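First the structure, in the form of structure tokens, and then the observations on it.
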Amino acid sequence: MSQWSQGRIAPHGGTLVNRLLQADPREYAHFPALELSERSYADLELIATGVYSPLEGFLGEADYKSVVEHMRLASGLPWSIPITLSVAEAEAPRYRSTVRLTRKGETVGLLEVAEQYRPDKQKEALEVYRTTDPAHPGVAAILSQGEVNLAGRVSLFRLDRGEFPEHHYTPLETRRIFQERGWKTVVAFQTRNPIHRAHEYLHKVALEHIDGLFLNPLVGATKADDVPAQVRMEAYRVLLARYYPKERVLLGVYPAAMRYAGPREAILHAISRKNYGCTHFIVGRDHAGVGSYYGTYDAQEIFGAFAPGEIGIHILKFEHTFYCKTCGSIVSARTCPHDGAHHLILSGTRVRELLRSGASLPPEFTRPEVAEVLRAAYRDEAVRSA
């Protein structure tokens with residue numbers, strides 16, 4: 001593999017995985033078919049393109065148990081969330097060797113089954129999500145899975161660039177772009193929420209010290225009440241067009257599904273961005289959280305479970321930021337001397353209420369161009385629901 005393809009930061013485990021297979025899917029029509037969920041297809045793509053390096057397939061039992069119990073693969077390499085593929089127990093005998101993976105009935109890849117095993121769903125939920133509450137979306141996903149996990153190397157026949165093909169990059173491509181732009185340091189930022197001024201503040205503080213910014217919003221499956229990916233991406237586009245230096249920013253989608261695993265998912269997100277070629281990753285307040293299952297800064301503190309350098313990407317930890325009417329700027333508790341009466345803080349629930357009512361979002365909270373994108377989306381939704 002050439003120097004530019006590896007980039008300036010080594011992939012997790014040392015090698016950038018590539019499981020894209022140039023072949024005619026019709027040649028494999030005789031193998032038993034297994035239809036993938038939206039999340040499992042996302043996992044297949046992320047494995048095959050190297051985002052989940054060093055994984056070459058869905059986890060075997062030894063790796064599964066080690067990840068659940070110790071946040072490490074059986075080799076000892078840090079890894080925080082089991083990437084698995086399950087089937088119903090009654091169906092498992094059909095899948096003993098090569099399996100044809102399908103998506104909406106179309107053959108998209110292969111799984112070379114090396115083993116089958118029964119996961120401990122309750123233990124996985126408790127260790128990975130810190131709860132067994134079925135109301136937690138990640139726990140609900142585990143409980144709804146089949147009783148048997150299939151493990152083995154995968155292949156993907158064709159990369160589907162999805163809804164945002166102009167922003168859908170593989171790690172091989174982002175590493176080349178970073179190299180061509182001369183970025184020796186790159187900071188990644190992820191969100192599943194609409195962009196606002198506090199996010200912009202974090203980006204620009206980071207850019208004061210780092211060569212390039214990789215804006216990498218998650219566009220895979222999310223909860224039904226999360227803002228749709230199309231709306232969030234349009235908000236990014238209008239913001240970047242007016243308020244960011246174009247030569248120092250790359251907008252690229254992260255096609256993963258949300259697991260809402262809070263601290264554990266923050267580690268997976270950091271490793272993924274390391275594989276894209278980033279040297280730094282921003283972890284803010286309640287990263288990948290949901291409800292009240294995790295503490296505000298648990299996703300930052302969990303990185304302390306590893307020795308310096310083990311994850312292999314610098315974690316930039318930011319406190320909660322907000323607009324202070326007296327300071328007249330975006331601040332945090334570390335920089336602002338004023339109490340809450342001076343602060344403009346809008347919860348996600350309050351933002352949705354304002355948008356549904358057609359009200360304007362304060363310019364101190366988000367740029368007017370972004371507010372208009374969100375307001376238009378909610379207006380269109382109201383018309384469709386009428």
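Following the order of the structure tokens, first chain is A, next is B, and so on, with residues numbered from 1 inside each chain and ligands from 1 in the order they appear.
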
- Message: I need the alpha helix (DSSP H) residues of region 109-357 of chain A per DSSP on the backbone, written as a ChimeraX atom specification.
- Response: /A:121-129,137-144,171-180,197-207,229-243,263-276,298-301,348-357

- Quick one: DSSP strand (DSSP E or B) residues in region 162-337 of chain A, as a list in words? Val186, Val187, Ala188, Phe189, Gly212, Leu213, Phe214, Leu215, Leu218, Val249, Leu250, Leu251, Tyr254, His280, Phe281, Ile282, Val283, His314, Ile315, Leu316, Lys317, Thr321, Phe322, Tyr323, Cys324, Ser329, Ile330, Val331 and Ser332 of chain A

Write the residues of the selection above to a file with N, CA, C and O atoms, as a JSON list (two decimals), in the first residue's frame.
```json
[["chain", "number", "residue", "atom", "x", "y", "z"],
["A", 186, "VAL", "N", -5.60, 16.93, 11.13],
["A", 186, "VAL", "CA", -7.00, 17.03, 10.72],
["A", 186, "VAL", "C", -7.88, 16.73, 11.93],
["A", 186, "VAL", "O", -7.70, 15.70, 12.60],
["A", 187, "VAL", "N", -8.83, 17.61, 12.22],
["A", 187, "VAL", "CA", -9.75, 17.38, 13.32],
["A", 187, "VAL", "C", -11.11, 16.98, 12.77],
["A", 187, "VAL", "O", -11.62, 17.61, 11.84],
["A", 188, "ALA", "N", -11.68, 15.92, 13.31],
["A", 188, "ALA", "CA", -12.99, 15.44, 12.87],
["A", 188, "ALA", "C", -14.06, 15.87, 13.87],
["A", 188, "ALA", "O", -13.81, 15.94, 15.08],
["A", 189, "PHE", "N", -15.24, 16.13, 13.33],
["A", 189, "PHE", "CA", -16.39, 16.48, 14.16],
["A", 189, "PHE", "C", -17.60, 15.74, 13.65],
["A", 189, "PHE", "O", -17.87, 15.72, 12.46],
["A", 212, "GLY", "N", -6.77, 21.20, 9.12],
["A", 212, "GLY", "CA", -8.02, 20.99, 8.40],
["A", 212, "GLY", "C", -9.12, 20.45, 9.29],
["A", 212, "GLY", "O", -8.86, 19.82, 10.32],
["A", 213, "LEU", "N", -10.37, 20.73, 8.89],
["A", 213, "LEU", "CA", -11.55, 20.27, 9.61],
["A", 213, "LEU", "C", -12.33, 19.30, 8.73],
["A", 213, "LEU", "O", -12.71, 19.63, 7.61],
["A", 214, "PHE", "N", -12.56, 18.09, 9.24],
["A", 214, "PHE", "CA", -13.36, 17.09, 8.55],
["A", 214, "PHE", "C", -14.72, 17.04, 9.24],
["A", 214, "PHE", "O", -14.87, 16.45, 10.31],
["A", 215, "LEU", "N", -15.72, 17.71, 8.64],
["A", 215, "LEU", "CA", -17.08, 17.66, 9.17],
["A", 215, "LEU", "C", -17.71, 16.37, 8.68],
["A", 215, "LEU", "O", -17.90, 16.17, 7.49],
["A", 218, "LEU", "N", -23.17, 11.99, 10.90],
["A", 218, "LEU", "CA", -23.71, 10.64, 10.75],
["A", 218, "LEU", "C", -25.00, 10.70, 9.95],
["A", 218, "LEU", "O", -25.89, 11.49, 10.27],
["A", 249, "VAL", "N", -11.77, 23.05, 5.03],
["A", 249, "VAL", "CA", -12.88, 22.20, 5.50],
["A", 249, "VAL", "C", -13.25, 21.19, 4.44],
["A", 249, "VAL", "O", -13.31, 21.50, 3.25],
["A", 250, "LEU", "N", -13.51, 19.95, 4.87],
["A", 250, "LEU", "CA", -14.07, 18.92, 4.00],
["A", 250, "LEU", "C", -15.33, 18.39, 4.67],
["A", 250, "LEU", "O", -15.30, 17.97, 5.83],
["A", 251, "LEU", "N", -16.44, 18.39, 3.93],
["A", 251, "LEU", "CA", -17.70, 17.84, 4.41],
["A", 251, "LEU", "C", -17.87, 16.44, 3.82],
["A", 251, "LEU", "O", -17.92, 16.26, 2.60],
["A", 254, "TYR", "N", -20.73, 10.23, 7.34],
["A", 254, "TYR", "CA", -20.36, 9.02, 8.09],
["A", 254, "TYR", "C", -21.58, 8.09, 8.00],
["A", 254, "TYR", "O", -22.60, 8.33, 8.64],
["A", 280, "HIS", "N", -7.11, 14.26, 15.11],
["A", 280, "HIS", "CA", -7.81, 14.77, 16.29],
["A", 280, "HIS", "C", -9.30, 14.53, 16.13],
["A", 280, "HIS", "O", -9.83, 14.50, 15.01],
["A", 281, "PHE", "N", -9.99, 14.39, 17.26],
["A", 281, "PHE", "CA", -11.44, 14.17, 17.25],
["A", 281, "PHE", "C", -12.07, 14.93, 18.41],
["A", 281, "PHE", "O", -11.60, 14.84, 19.55],
["A", 282, "ILE", "N", -13.11, 15.70, 18.10],
["A", 282, "ILE", "CA", -13.81, 16.49, 19.11],
["A", 282, "ILE", "C", -14.86, 15.63, 19.82],
["A", 282, "ILE", "O", -15.70, 15.01, 19.17],
["A", 283, "VAL", "N", -14.79, 15.61, 21.14],
["A", 283, "VAL", "CA", -15.82, 14.95, 21.95],
["A", 283, "VAL", "C", -16.37, 16.01, 22.90],
["A", 283, "VAL", "O", -15.65, 16.52, 23.75],
["A", 314, "HIS", "N", -5.84, 12.02, 18.89],
["A", 314, "HIS", "CA", -5.95, 12.99, 19.98],
["A", 314, "HIS", "C", -7.42, 13.36, 20.21],
["A", 314, "HIS", "O", -8.12, 13.73, 19.27],
["A", 315, "ILE", "N", -7.87, 13.27, 21.45],
["A", 315, "ILE", "CA", -9.24, 13.60, 21.80],
["A", 315, "ILE", "C", -9.28, 15.02, 22.34],
["A", 315, "ILE", "O", -8.61, 15.35, 23.32],
["A", 316, "LEU", "N", -10.05, 15.88, 21.66],
["A", 316, "LEU", "CA", -10.25, 17.26, 22.11],
["A", 316, "LEU", "C", -11.54, 17.31, 22.92],
["A", 316, "LEU", "O", -12.63, 17.09, 22.37],
["A", 317, "LYS", "N", -11.42, 17.58, 24.21],
["A", 317, "LYS", "CA", -12.56, 17.55, 25.11],
["A", 317, "LYS", "C", -13.05, 18.97, 25.36],
["A", 317, "LYS", "O", -12.32, 19.80, 25.88],
["A", 321, "THR", "N", -20.98, 24.49, 25.67],
["A", 321, "THR", "CA", -20.86, 25.89, 25.27],
["A", 321, "THR", "C", -22.23, 26.47, 24.94],
["A", 321, "THR", "O", -23.15, 25.74, 24.54],
["A", 322, "PHE", "N", -22.37, 27.78, 25.08],
["A", 322, "PHE", "CA", -23.66, 28.44, 24.93],
["A", 322, "PHE", "C", -23.42, 29.93, 24.73],
["A", 322, "PHE", "O", -22.30, 30.43, 24.90],
["A", 323, "TYR", "N", -24.46, 30.64, 24.37],
["A", 323, "TYR", "CA", -24.36, 32.09, 24.17],
["A", 323, "TYR", "C", -24.65, 32.81, 25.48],
["A", 323, "TYR", "O", -25.66, 32.54, 26.15],
["A", 324, "CYS", "N", -23.76, 33.72, 25.86],
["A", 324, "CYS", "CA", -23.98, 34.57, 27.03],
["A", 324, "CYS", "C", -24.36, 35.97, 26.55],
["A", 324, "CYS", "O", -23.59, 36.61, 25.80],
["A", 329, "SER", "N", -21.07, 36.60, 23.38],
["A", 329, "SER", "CA", -20.37, 35.60, 22.57],
["A", 329, "SER", "C", -20.67, 34.20, 23.07],
["A", 329, "SER", "O", -21.29, 34.02, 24.13],
["A", 330, "ILE", "N", -20.21, 33.22, 22.29],
["A", 330, "ILE", "CA", -20.29, 31.82, 22.73],
["A", 330, "ILE", "C", -19.22, 31.59, 23.79],
["A", 330, "ILE", "O", -18.05, 31.95, 23.60],
["A", 331, "VAL", "N", -19.61, 30.97, 24.90],
["A", 331, "VAL", "CA", -18.71, 30.78, 26.03],
["A", 331, "VAL", "C", -18.96, 29.40, 26.63],
["A", 331, "VAL", "O", -19.86, 28.67, 26.20],
["A", 332, "SER", "N", -18.19, 29.07, 27.65],
["A", 332, "SER", "CA", -18.43, 27.88, 28.45],
["A", 332, "SER", "C", -18.33, 28.28, 29.91],
["A", 332, "SER", "O", -17.98, 29.42, 30.24]]
```

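Using only C-alpha atoms, the shortest contact distance between Pro93 (chain A) and any of A:Leu59, A:Val148, A:Ala140, A:Cys327 is found at A:Val148.
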
- Task: Please identify all polymer residues within 10 Å of Asp160 (chain A), counting only C-alpha atoms, omitting same-chain residues fewer than 6 positions from it, and present them as a ChimeraX atom specification.
- Result: /A:45,108,168

- Query: Which one is closest to Pro362 (chain A): A:Lys325, A:Arg232, A:Arg379, A:Arg72? Count only C-alpha atoms.
  - Reply: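 Of A:Lys325, A:Arg232, A:Arg379, A:Arg72, the one nearest Pro362 (chain A), counting only C-alpha atoms, is A:Lys325.
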